[in-house]
Amino acid sequence: MSLAALIFDVDGTLAETEEVHRDSFNHAFIENGLDWHWDRPLYRDLLKVAGGRERLRAFAPDVSDELVATLHAAKTAHYTRMASEGALSLRPGILPLIAQARAEGLKLALATTTSRANIVALLGPKRCDWFDVVVSGEDTPKKKPDPSVYHMVLDRLGVPARQCLVIEDSAHGVQAARTAGLDVVVTESVYTGGDDFTGALAVYPDLGSVDLDRLRRVRAAARGK
């Protein structure tokens, strides 16, 4: 089947956002009088848990729901501020691939467990309009590797799974996409390099040399065509 839609994850896929998320959590801890600090090794381990609130709960299971909510709100405020101040840029190949897909009439979607505020902070309102469907953390309570976010994207896109291709950066994302019946390729991020991406059609360090023609060839090879 011809390729009709590209579905992108956000954090780690569109941009190397996780360092800004980590810094934002640490700022939130300081302003709430906590002596917690998430360094890179700890944060890589915490990223095995999808979702910021869930990550906080995994790190400190005995804290109140109120404190988790307060910390997450503070973290989001810091993240959106830093993103709006230019702390983030899109990863290599992302803009050319999106431009090519738009020029060829493919549909575009975002499937992420991050918040809508974080998406807007990263992309800006105009770039958000490039995407026909955006499903964020507010839309589904279940996080990846649960496939709910991808099922919701497919329902809203109105495109069969066999005509879509997902671009992810994490093992949880690959598992979620595959469970939803979607083909997926990986662009490794700072925190996911070397992870087990079983089920992905291909794994790239970034998308700098990856265009639609290359993705179509990867899909065709996987389907034995």
# chains A, B, ... in the order shown; residues from 1 in each chain; ligands from 1
>>> residues_around(residues="stretch 209-212 of chain A", least_positions_apart="6", cutoff="12 Å", atoms="only C-alpha atoms", output="ChimeraX atom specification")
/A:2-6,91-106,165,167,185-187,202-203,218-219
>>> residues_around(residues="A:Ala200", least_positions_apart="4", cutoff="9 Å", atoms="only C-alpha atoms", output="number ranges by chain")
A: 174-175, 178, 183-186
>>> residues_around(residues="stretch 64-77 of chain A", least_positions_apart="5", cutoff="12 Å", atoms="only C-alpha atoms", output="number ranges by chain")
A: 20-34, 36, 51-59, 82-84, 114-121
>>> atom_distance(atom1="atom CA of A:Tyr150", atom2="atom CA of A:Arg44")
23.9 Å
>>> select_by_dssp(residues="stretch 29-136 of chain A", states="strand (DSSP E or B)", output="count of residues only")
9
>>> closest_residue(among="A:Thr179, A:Gln163, A:Ser189, A:Thr198", to="A:Glu19", atoms="only C-alpha atoms")
A:Ser189
>>> select_by_dssp(residues="stretch 4-207 of chain A", states="alpha helix (DSSP H)", output="PyMOL selection string")
chain A and resi 18-31+40-46+52-59+65-84+94-103+116-128+148-157+171-179
>>> atom_distance(atom1="atom CA of A:Lys48", atom2="atom CA of A:Leu14")
18.9 Å
>>> closest_residue(among="A:Val159, A:Val166, A:Ala15, A:Leu154", to="A:Leu122", atoms="only C-alpha atoms")
A:Ala15
>>> residues_around(residues="A:Glu188", least_positions_apart="5", cutoff="10 Å", atoms="only C-alpha atoms", output="list in words")
Gly12, Thr13, Glu16, Glu168, Asp169, Ser170, Ala171, Gly193, Gly194, Asp195, Phe197, Val203, Tyr204, Pro205, Asp206 and Leu207 of chain A
>>> atom_distance(atom1="atom CA of A:Arg223", atom2="atom CA of A:Asp196")
21.8 Å
>>> closest_residue(among="A:Asp139, A:Asp39, A:Asp45, A:Asp129", to="A:Ala111", atoms="only C-alpha atoms")
A:Asp139
